[in-house]
Amino acid sequence: MTEKKQSAEAMEPDVHKKIKAAFKAFDYESNNKVDVREIGTVIYSLGCFPTQADLHDIIAGVEEDHTGYITLDKFLPAMTKVLLEHKFPPIPEDLLLQAFEVLDKEKKGYLEPEELTKHMTQEGELFTQEEMEEMLTALADHEDNFVYYKDLISQLTIDPDM
């Protein structure tokens, strides 16, 4: 057995725990099923950032007969493979900071929700208004409603040695 394969097998129980915990956070009925619309969030929470096309491919491979739900039994092996093969790695912190700084033309250290919404719904891989509202609810400062991106970067990045 190769050293790399042994290492991957040794990591598998920890990876399974992380996947199960992320999945269960969205298993609202505790029936080992998650709404297909939540799977992107589950995957992102595990530190993987696939494109929308890749996300659709993952969903197509694990969705139960187009029911709109994904079971843990199907999701666990597929996501384990993704994590152990380091597919869809997160963006490094320094590049993420640079991206935010490009958007923050006045160098304020924060973005206003309207600015961020404009960029995220009109450029690149587009977010829906509903996705933006969810994101801003989670990311914007609750006192002044600004998105302080330097504080946010550590939340958006995952330890690559997971």
# chains A, B, ... in the order shown; residues from 1 in each chain; ligands from 1
>>> select_by_dssp(residues="chain A", states="strand (DSSP E or B)", output="list of chain:residue names")
A:Lys33, A:Val34, A:Asp35, A:Glu63, A:Tyr69, A:Ile70, A:Thr71, A:Leu111, A:Val147
>>> residues_around(residues="Ile43 (chain A)", least_positions_apart="3", cutoff="9 Å", atoms="only C-alpha atoms", output="MDAnalysis selection string")
chainID A and resid 19 22:23 38:40 46:50 55 79
>>> closest_residue(among="A:Ala99, A:Asn31, A:Tyr110, A:Ala53", to="Asp144 (chain A)", atoms="only C-alpha atoms")
A:Tyr110
>>> select_by_dssp(residues="chain A", states="helix (DSSP H, G or I)", output="mmCIF file with N, CA and C atoms, in the first residue's frame")
data_model
loop_
_atom_site.group_PDB
_atom_site.id
_atom_site.type_symbol
_atom_site.label_atom_id
_atom_site.label_comp_id
_atom_site.auth_asym_id
_atom_site.auth_seq_id
_atom_site.Cartn_x
_atom_site.Cartn_y
_atom_site.Cartn_z
ATOM 1 N N GLU A 3 2.249 5.047 0.613
ATOM 2 C CA GLU A 3 2.205 5.929 1.790
ATOM 3 C C GLU A 3 1.075 6.946 1.681
ATOM 4 N N LYS A 4 0.850 7.455 0.465
ATOM 5 C CA LYS A 4 -0.205 8.448 0.265
ATOM 6 C C LYS A 4 -1.580 7.834 0.551
ATOM 7 N N LYS A 5 -1.793 6.590 0.095
ATOM 8 C CA LYS A 5 -3.080 5.933 0.325
ATOM 9 C C LYS A 5 -3.288 5.652 1.809
ATOM 10 N N GLN A 6 -2.221 5.239 2.513
ATOM 11 C CA GLN A 6 -2.325 5.001 3.948
ATOM 12 C C GLN A 6 -2.687 6.297 4.667
ATOM 13 N N SER A 7 -2.087 7.384 4.264
ATOM 14 C CA SER A 7 -2.349 8.683 4.883
ATOM 15 C C SER A 7 -3.806 9.090 4.672
ATOM 16 N N ALA A 8 -4.321 8.886 3.460
ATOM 17 C CA ALA A 8 -5.706 9.229 3.159
ATOM 18 C C ALA A 8 -6.664 8.376 3.987
ATOM 19 N N GLU A 9 -6.353 7.102 4.129
ATOM 20 C CA GLU A 9 -7.216 6.218 4.920
ATOM 21 C C GLU A 9 -7.198 6.602 6.395
ATOM 22 N N ALA A 10 -6.057 7.052 6.883
ATOM 23 C CA ALA A 10 -5.952 7.470 8.281
ATOM 24 C C ALA A 10 -6.781 8.730 8.543
ATOM 25 N N MET A 11 -6.889 9.586 7.537
ATOM 26 C CA MET A 11 -7.652 10.834 7.683
ATOM 27 C C MET A 11 -9.158 10.614 7.561
ATOM 28 N N GLU A 12 -9.578 9.508 6.964
ATOM 29 C CA GLU A 12 -10.982 9.299 6.639
ATOM 30 C C GLU A 12 -11.947 9.443 7.822
ATOM 31 N N PRO A 13 -11.668 8.858 8.996
ATOM 32 C CA PRO A 13 -12.623 9.034 10.104
ATOM 33 C C PRO A 13 -12.839 10.501 10.488
ATOM 34 N N ASP A 14 -11.781 11.304 10.496
ATOM 35 C CA ASP A 14 -11.925 12.731 10.816
ATOM 36 C C ASP A 14 -12.730 13.449 9.738
ATOM 37 N N VAL A 15 -12.466 13.098 8.493
ATOM 38 C CA VAL A 15 -13.188 13.704 7.380
ATOM 39 C C VAL A 15 -14.668 13.345 7.479
ATOM 40 N N HIS A 16 -14.962 12.093 7.790
ATOM 41 C CA HIS A 16 -16.363 11.665 7.933
ATOM 42 C C HIS A 16 -17.063 12.458 9.034
ATOM 43 N N LYS A 17 -16.383 12.687 10.153
ATOM 44 C CA LYS A 17 -16.976 13.457 11.248
ATOM 45 C C LYS A 17 -17.327 14.864 10.795
ATOM 46 N N LYS A 18 -16.416 15.508 10.049
ATOM 47 C CA LYS A 18 -16.654 16.874 9.582
ATOM 48 C C LYS A 18 -17.816 16.925 8.590
ATOM 49 N N ILE A 19 -17.846 15.961 7.690
ATOM 50 C CA ILE A 19 -18.919 15.925 6.697
ATOM 51 C C ILE A 19 -20.264 15.699 7.390
ATOM 52 N N LYS A 20 -20.306 14.736 8.299
ATOM 53 C CA LYS A 20 -21.556 14.439 9.013
ATOM 54 C C LYS A 20 -22.030 15.653 9.813
ATOM 55 N N ALA A 21 -21.120 16.337 10.473
ATOM 56 C CA ALA A 21 -21.498 17.515 11.267
ATOM 57 C C ALA A 21 -22.061 18.616 10.367
ATOM 58 N N ALA A 22 -21.414 18.859 9.238
ATOM 59 C CA ALA A 22 -21.897 19.893 8.314
ATOM 60 C C ALA A 22 -23.259 19.506 7.745
ATOM 61 N N PHE A 23 -23.412 18.243 7.388
ATOM 62 C CA PHE A 23 -24.661 17.754 6.820
ATOM 63 C C PHE A 23 -25.793 17.867 7.836
ATOM 64 N N LYS A 24 -25.531 17.417 9.061
ATOM 65 C CA LYS A 24 -26.560 17.405 10.105
ATOM 66 C C LYS A 24 -27.020 18.824 10.477
ATOM 67 N N VAL A 36 -31.825 19.747 -1.469
ATOM 68 C CA VAL A 36 -30.784 19.923 -2.480
ATOM 69 C C VAL A 36 -30.308 21.369 -2.557
ATOM 70 N N ARG A 37 -31.188 22.321 -2.230
ATOM 71 C CA ARG A 37 -30.817 23.742 -2.286
ATOM 72 C C ARG A 37 -29.827 24.129 -1.197
ATOM 73 N N GLU A 38 -29.683 23.292 -0.180
ATOM 74 C CA GLU A 38 -28.758 23.564 0.927
ATOM 75 C C GLU A 38 -27.379 22.945 0.722
ATOM 76 N N ILE A 39 -27.251 22.054 -0.250
ATOM 77 C CA ILE A 39 -26.000 21.303 -0.395
ATOM 78 C C ILE A 39 -24.822 22.212 -0.722
ATOM 79 N N GLY A 40 -25.029 23.243 -1.494
ATOM 80 C CA GLY A 40 -23.935 24.179 -1.780
ATOM 81 C C GLY A 40 -23.384 24.772 -0.497
ATOM 82 N N THR A 41 -24.257 25.165 0.403
ATOM 83 C CA THR A 41 -23.837 25.738 1.683
ATOM 84 C C THR A 41 -23.085 24.701 2.513
ATOM 85 N N VAL A 42 -23.559 23.459 2.491
ATOM 86 C CA VAL A 42 -22.869 22.380 3.212
ATOM 87 C C VAL A 42 -21.454 22.219 2.653
ATOM 88 N N ILE A 43 -21.341 22.185 1.348
ATOM 89 C CA ILE A 43 -20.037 22.003 0.698
ATOM 90 C C ILE A 43 -19.120 23.193 0.990
ATOM 91 N N TYR A 44 -19.643 24.407 0.910
ATOM 92 C CA TYR A 44 -18.830 25.585 1.209
ATOM 93 C C TYR A 44 -18.355 25.560 2.657
ATOM 94 N N SER A 45 -19.215 25.106 3.564
ATOM 95 C CA SER A 45 -18.838 25.072 4.979
ATOM 96 C C SER A 45 -17.709 24.084 5.241
ATOM 97 N N GLN A 52 -20.402 26.882 -9.963
ATOM 98 C CA GLN A 52 -21.806 26.476 -10.009
ATOM 99 C C GLN A 52 -21.974 25.222 -10.880
ATOM 100 N N ALA A 53 -21.221 25.139 -11.967
ATOM 101 C CA ALA A 53 -21.298 23.952 -12.835
ATOM 102 C C ALA A 53 -20.823 22.706 -12.081
ATOM 103 N N ASP A 54 -19.713 22.830 -11.343
ATOM 104 C CA ASP A 54 -19.214 21.697 -10.559
ATOM 105 C C ASP A 54 -20.210 21.319 -9.465
ATOM 106 N N LEU A 55 -20.814 22.306 -8.855
ATOM 107 C CA LEU A 55 -21.804 22.054 -7.815
ATOM 108 C C LEU A 55 -22.997 21.279 -8.384
ATOM 109 N N HIS A 56 -23.456 21.669 -9.556
ATOM 110 C CA HIS A 56 -24.557 20.953 -10.205
ATOM 111 C C HIS A 56 -24.172 19.513 -10.512
ATOM 112 N N ASP A 57 -22.909 19.301 -10.919
ATOM 113 C CA ASP A 57 -22.434 17.940 -11.194
ATOM 114 C C ASP A 57 -22.428 17.095 -9.923
ATOM 115 N N ILE A 58 -21.970 17.680 -8.825
ATOM 116 C CA ILE A 58 -21.947 16.958 -7.545
ATOM 117 C C ILE A 58 -23.377 16.583 -7.157
ATOM 118 N N ILE A 59 -24.272 17.540 -7.247
ATOM 119 C CA ILE A 59 -25.671 17.302 -6.883
ATOM 120 C C ILE A 59 -26.283 16.216 -7.773
ATOM 121 N N ALA A 60 -26.016 16.296 -9.068
ATOM 122 C CA ALA A 60 -26.560 15.288 -9.987
ATOM 123 C C ALA A 60 -26.078 13.887 -9.618
ATOM 124 N N GLY A 61 -24.872 13.790 -9.087
ATOM 125 C CA GLY A 61 -24.333 12.486 -8.715
ATOM 126 C C GLY A 61 -24.863 11.926 -7.413
ATOM 127 N N VAL A 62 -25.458 12.770 -6.568
ATOM 128 C CA VAL A 62 -25.890 12.286 -5.247
ATOM 129 C C VAL A 62 -27.376 12.485 -4.949
ATOM 130 N N LEU A 72 -27.538 11.421 3.446
ATOM 131 C CA LEU A 72 -26.184 11.332 3.970
ATOM 132 C C LEU A 72 -25.453 10.129 3.377
ATOM 133 N N ASP A 73 -26.161 9.014 3.184
ATOM 134 C CA ASP A 73 -25.541 7.801 2.636
ATOM 135 C C ASP A 73 -24.920 8.035 1.262
ATOM 136 N N LYS A 74 -25.543 8.859 0.445
ATOM 137 C CA LYS A 74 -25.000 9.164 -0.890
ATOM 138 C C LYS A 74 -23.969 10.290 -0.823
ATOM 139 N N PHE A 75 -24.228 11.264 0.046
ATOM 140 C CA PHE A 75 -23.365 12.444 0.123
ATOM 141 C C PHE A 75 -22.009 12.119 0.753
ATOM 142 N N LEU A 76 -22.003 11.296 1.783
ATOM 143 C CA LEU A 76 -20.775 11.017 2.539
ATOM 144 C C LEU A 76 -19.646 10.468 1.671
ATOM 145 N N PRO A 77 -19.845 9.411 0.887
ATOM 146 C CA PRO A 77 -18.719 8.913 0.081
ATOM 147 C C PRO A 77 -18.277 9.900 -1.002
ATOM 148 N N ALA A 78 -19.243 10.592 -1.611
ATOM 149 C CA ALA A 78 -18.894 11.559 -2.659
ATOM 150 C C ALA A 78 -18.087 12.715 -2.079
ATOM 151 N N MET A 79 -18.527 13.239 -0.937
ATOM 152 C CA MET A 79 -17.833 14.374 -0.329
ATOM 153 C C MET A 79 -16.506 13.945 0.280
ATOM 154 N N THR A 80 -16.424 12.728 0.786
ATOM 155 C CA THR A 80 -15.153 12.214 1.312
ATOM 156 C C THR A 80 -14.105 12.217 0.209
ATOM 157 N N LYS A 81 -14.492 11.743 -0.954
ATOM 158 C CA LYS A 81 -13.569 11.718 -2.098
ATOM 159 C C LYS A 81 -13.123 13.137 -2.467
ATOM 160 N N VAL A 82 -14.071 14.067 -2.492
ATOM 161 C CA VAL A 82 -13.754 15.459 -2.815
ATOM 162 C C VAL A 82 -12.733 16.017 -1.819
ATOM 163 N N LEU A 83 -12.971 15.791 -0.530
ATOM 164 C CA LEU A 83 -12.082 16.337 0.498
ATOM 165 C C LEU A 83 -10.710 15.671 0.491
ATOM 166 N N LEU A 84 -10.672 14.352 0.364
ATOM 167 C CA LEU A 84 -9.388 13.650 0.394
ATOM 168 C C LEU A 84 -8.543 13.936 -0.844
ATOM 169 N N GLU A 93 -5.856 33.272 1.684
ATOM 170 C CA GLU A 93 -6.242 34.504 2.381
ATOM 171 C C GLU A 93 -5.737 35.755 1.677
ATOM 172 N N ASP A 94 -4.476 35.745 1.211
ATOM 173 C CA ASP A 94 -3.931 36.955 0.604
ATOM 174 C C ASP A 94 -4.667 37.337 -0.682
ATOM 175 N N LEU A 95 -5.078 36.350 -1.475
ATOM 176 C CA LEU A 95 -5.822 36.655 -2.698
ATOM 177 C C LEU A 95 -7.232 37.135 -2.379
ATOM 178 N N LEU A 96 -7.825 36.573 -1.354
ATOM 179 C CA LEU A 96 -9.151 37.009 -0.936
ATOM 180 C C LEU A 96 -9.110 38.461 -0.454
ATOM 181 N N LEU A 97 -8.079 38.794 0.319
ATOM 182 C CA LEU A 97 -7.917 40.167 0.786
ATOM 183 C C LEU A 97 -7.741 41.121 -0.394
ATOM 184 N N GLN A 98 -6.930 40.720 -1.362
ATOM 185 C CA GLN A 98 -6.738 41.563 -2.544
ATOM 186 C C GLN A 98 -8.053 41.802 -3.278
ATOM 187 N N ALA A 99 -8.869 40.764 -3.382
ATOM 188 C CA ALA A 99 -10.153 40.906 -4.072
ATOM 189 C C ALA A 99 -11.055 41.901 -3.350
ATOM 190 N N PHE A 100 -11.123 41.795 -2.028
ATOM 191 C CA PHE A 100 -11.933 42.747 -1.264
ATOM 192 C C PHE A 100 -11.383 44.159 -1.415
ATOM 193 N N GLU A 101 -10.067 44.300 -1.394
ATOM 194 C CA GLU A 101 -9.467 45.631 -1.500
ATOM 195 C C GLU A 101 -9.743 46.268 -2.858
ATOM 196 N N VAL A 102 -9.834 45.454 -3.901
ATOM 197 C CA VAL A 102 -10.181 45.982 -5.226
ATOM 198 C C VAL A 102 -11.598 46.561 -5.191
ATOM 199 N N LEU A 103 -12.483 45.890 -4.486
ATOM 200 C CA LEU A 103 -13.869 46.373 -4.386
ATOM 201 C C LEU A 103 -13.988 47.604 -3.492
ATOM 202 N N PRO A 113 -23.404 46.881 2.256
ATOM 203 C CA PRO A 113 -24.180 45.782 1.668
ATOM 204 C C PRO A 113 -24.593 46.036 0.215
ATOM 205 N N GLU A 114 -24.942 47.266 -0.100
ATOM 206 C CA GLU A 114 -25.364 47.583 -1.465
ATOM 207 C C GLU A 114 -24.222 47.371 -2.459
ATOM 208 N N GLU A 115 -22.996 47.772 -2.065
ATOM 209 C CA GLU A 115 -21.836 47.589 -2.943
ATOM 210 C C GLU A 115 -21.596 46.111 -3.204
ATOM 211 N N LEU A 116 -21.558 45.344 -2.127
ATOM 212 C CA LEU A 116 -21.278 43.921 -2.232
ATOM 213 C C LEU A 116 -22.368 43.225 -3.037
ATOM 214 N N THR A 117 -23.606 43.582 -2.809
ATOM 215 C CA THR A 117 -24.721 42.986 -3.545
ATOM 216 C C THR A 117 -24.584 43.276 -5.033
ATOM 217 N N LYS A 118 -24.229 44.509 -5.365
ATOM 218 C CA LYS A 118 -24.070 44.882 -6.774
ATOM 219 C C LYS A 118 -23.022 44.000 -7.444
ATOM 220 N N HIS A 119 -21.872 43.843 -6.815
ATOM 221 C CA HIS A 119 -20.802 43.037 -7.400
ATOM 222 C C HIS A 119 -21.189 41.563 -7.493
ATOM 223 N N MET A 120 -21.814 41.053 -6.454
ATOM 224 C CA MET A 120 -22.096 39.617 -6.381
ATOM 225 C C MET A 120 -23.295 39.188 -7.233
ATOM 226 N N THR A 121 -24.134 40.125 -7.612
ATOM 227 C CA THR A 121 -25.296 39.769 -8.423
ATOM 228 C C THR A 121 -25.145 40.190 -9.883
ATOM 229 N N GLN A 122 -24.048 40.910 -10.200
ATOM 230 C CA GLN A 122 -23.885 41.392 -11.569
ATOM 231 C C GLN A 122 -22.584 40.963 -12.229
ATOM 232 N N GLN A 129 -30.730 37.262 -5.298
ATOM 233 C CA GLN A 129 -31.019 38.222 -4.228
ATOM 234 C C GLN A 129 -31.215 37.484 -2.903
ATOM 235 N N GLU A 130 -31.874 36.329 -2.941
ATOM 236 C CA GLU A 130 -32.099 35.543 -1.723
ATOM 237 C C GLU A 130 -30.765 35.078 -1.122
ATOM 238 N N GLU A 131 -29.848 34.620 -1.969
ATOM 239 C CA GLU A 131 -28.534 34.203 -1.480
ATOM 240 C C GLU A 131 -27.788 35.383 -0.855
ATOM 241 N N MET A 132 -27.923 36.552 -1.468
ATOM 242 C CA MET A 132 -27.254 37.738 -0.933
ATOM 243 C C MET A 132 -27.840 38.127 0.421
ATOM 244 N N GLU A 133 -29.134 38.054 0.559
ATOM 245 C CA GLU A 133 -29.763 38.386 1.839
ATOM 246 C C GLU A 133 -29.288 37.444 2.937
ATOM 247 N N GLU A 134 -29.209 36.139 2.610
ATOM 248 C CA GLU A 134 -28.714 35.168 3.588
ATOM 249 C C GLU A 134 -27.264 35.470 3.954
ATOM 250 N N MET A 135 -26.464 35.763 2.938
ATOM 251 C CA MET A 135 -25.051 36.032 3.168
ATOM 252 C C MET A 135 -24.870 37.293 4.018
ATOM 253 N N LEU A 136 -25.584 38.335 3.688
ATOM 254 C CA LEU A 136 -25.443 39.583 4.432
ATOM 255 C C LEU A 136 -25.947 39.450 5.865
ATOM 256 N N THR A 137 -26.962 38.643 6.064
ATOM 257 C CA THR A 137 -27.448 38.392 7.427
ATOM 258 C C THR A 137 -26.334 37.764 8.259
ATOM 259 N N ALA A 138 -25.590 36.854 7.640
ATOM 260 C CA ALA A 138 -24.527 36.164 8.361
ATOM 261 C C ALA A 138 -23.245 36.987 8.474
ATOM 262 N N LEU A 139 -22.950 37.819 7.482
ATOM 263 C CA LEU A 139 -21.636 38.457 7.421
ATOM 264 C C LEU A 139 -21.580 39.919 7.832
ATOM 265 N N TYR A 149 -14.345 43.251 5.841
ATOM 266 C CA TYR A 149 -13.776 42.096 5.168
ATOM 267 C C TYR A 149 -12.509 41.544 5.806
ATOM 268 N N LYS A 150 -11.707 42.359 6.469
ATOM 269 C CA LYS A 150 -10.496 41.814 7.107
ATOM 270 C C LYS A 150 -10.864 40.846 8.237
ATOM 271 N N ASP A 151 -11.924 41.153 8.970
ATOM 272 C CA ASP A 151 -12.401 40.246 10.019
ATOM 273 C C ASP A 151 -13.038 38.999 9.416
ATOM 274 N N LEU A 152 -13.596 39.155 8.261
ATOM 275 C CA LEU A 152 -14.336 38.090 7.604
ATOM 276 C C LEU A 152 -13.444 37.040 6.949
ATOM 277 N N ILE A 153 -12.283 37.438 6.512
ATOM 278 C CA ILE A 153 -11.420 36.537 5.748
ATOM 279 C C ILE A 153 -11.120 35.242 6.500
ATOM 280 N N SER A 154 -10.867 35.319 7.793
ATOM 281 C CA SER A 154 -10.570 34.092 8.532
ATOM 282 C C SER A 154 -11.790 33.170 8.577
ATOM 283 N N GLN A 155 -12.991 33.721 8.515
ATOM 284 C CA GLN A 155 -14.196 32.893 8.475
ATOM 285 C C GLN A 155 -14.397 32.252 7.112
ATOM 286 N N LEU A 156 -13.902 32.889 6.073
ATOM 287 C CA LEU A 156 -14.089 32.405 4.713
ATOM 288 C C LEU A 156 -13.013 31.424 4.267
#
>>> atom_distance(atom1="CA of Ala25 (chain A)", atom2="CA of Phe146 (chain A)")
26.6 Å
>>> atom_distance(atom1="CA of Thr67 (chain A)", atom2="CA of Tyr28 (chain A)")
16.5 Å
>>> residues_around(residues="region 68-71 of chain A", least_positions_apart="4", cutoff="6 Å", atoms="only C-alpha atoms", output="CSV table (one decimal) with all heavy atoms, in the first residue's frame")
chain,number,residue,atom,x,y,z
A,32,ASN,N,-31.6,12.2,8.1
A,32,ASN,CA,-30.5,12.0,7.2
A,32,ASN,C,-30.7,12.4,5.7
A,32,ASN,O,-30.2,11.9,4.8
A,32,ASN,CB,-30.0,10.5,7.2
A,32,ASN,CG,-29.3,10.2,8.5
A,32,ASN,OD1,-28.6,11.1,9.1
A,32,ASN,ND2,-29.5,9.0,9.0
A,33,LYS,N,-31.5,13.5,5.6
A,33,LYS,CA,-31.8,14.1,4.3
A,33,LYS,C,-31.6,15.6,4.4
A,33,LYS,O,-32.0,16.2,5.4
A,33,LYS,CB,-33.2,13.8,3.8
A,33,LYS,CG,-33.5,12.4,3.4
A,33,LYS,CD,-34.9,12.2,2.9
A,33,LYS,CE,-35.2,10.8,2.5
A,33,LYS,NZ,-36.5,10.6,2.0
A,34,VAL,N,-31.1,16.2,3.3
A,34,VAL,CA,-30.9,17.6,3.2
A,34,VAL,C,-31.5,18.1,1.9
A,34,VAL,O,-31.3,17.4,0.9
A,34,VAL,CB,-29.5,18.0,3.3
A,34,VAL,CG1,-29.2,19.5,3.0
A,34,VAL,CG2,-28.9,17.8,4.7
A,35,ASP,N,-32.2,19.2,1.9
A,35,ASP,CA,-32.8,19.8,0.7
A,35,ASP,C,-31.6,20.1,-0.2
A,35,ASP,O,-30.6,20.6,0.2
A,35,ASP,CB,-33.5,21.1,1.1
A,35,ASP,CG,-34.3,21.7,-0.1
A,35,ASP,OD1,-33.7,21.9,-1.1
A,35,ASP,OD2,-35.5,21.9,0.1
A,36,VAL,N,-31.8,19.7,-1.5
A,36,VAL,CA,-30.8,19.9,-2.5
A,36,VAL,C,-30.3,21.4,-2.6
A,36,VAL,O,-29.1,21.6,-2.9
A,36,VAL,CB,-31.3,19.4,-3.8
A,36,VAL,CG1,-32.3,20.3,-4.4
A,36,VAL,CG2,-30.1,19.2,-4.8
A,63,GLU,N,-28.1,13.2,-5.8
A,63,GLU,CA,-29.5,13.5,-5.5
A,63,GLU,C,-30.3,12.2,-5.7
A,63,GLU,O,-30.1,11.4,-6.6
A,63,GLU,CB,-30.1,14.6,-6.4
A,63,GLU,CG,-31.5,14.9,-6.1
A,63,GLU,CD,-32.1,16.0,-7.0
A,63,GLU,OE1,-31.4,16.5,-7.9
A,63,GLU,OE2,-33.2,16.4,-6.7
A,64,GLU,N,-31.2,12.0,-4.8
A,64,GLU,CA,-32.1,10.8,-4.8
A,64,GLU,C,-33.2,10.9,-5.9
A,64,GLU,O,-34.2,11.6,-5.6
A,64,GLU,CB,-32.8,10.6,-3.4
A,64,GLU,CG,-31.8,10.2,-2.4
A,64,GLU,CD,-31.3,8.7,-2.5
A,64,GLU,OE1,-32.0,7.9,-2.9
A,64,GLU,OE2,-30.1,8.5,-2.3
>>> atom_distance(atom1="CA of Thr51 (chain A)", atom2="CA of His142 (chain A)")
29.4 Å
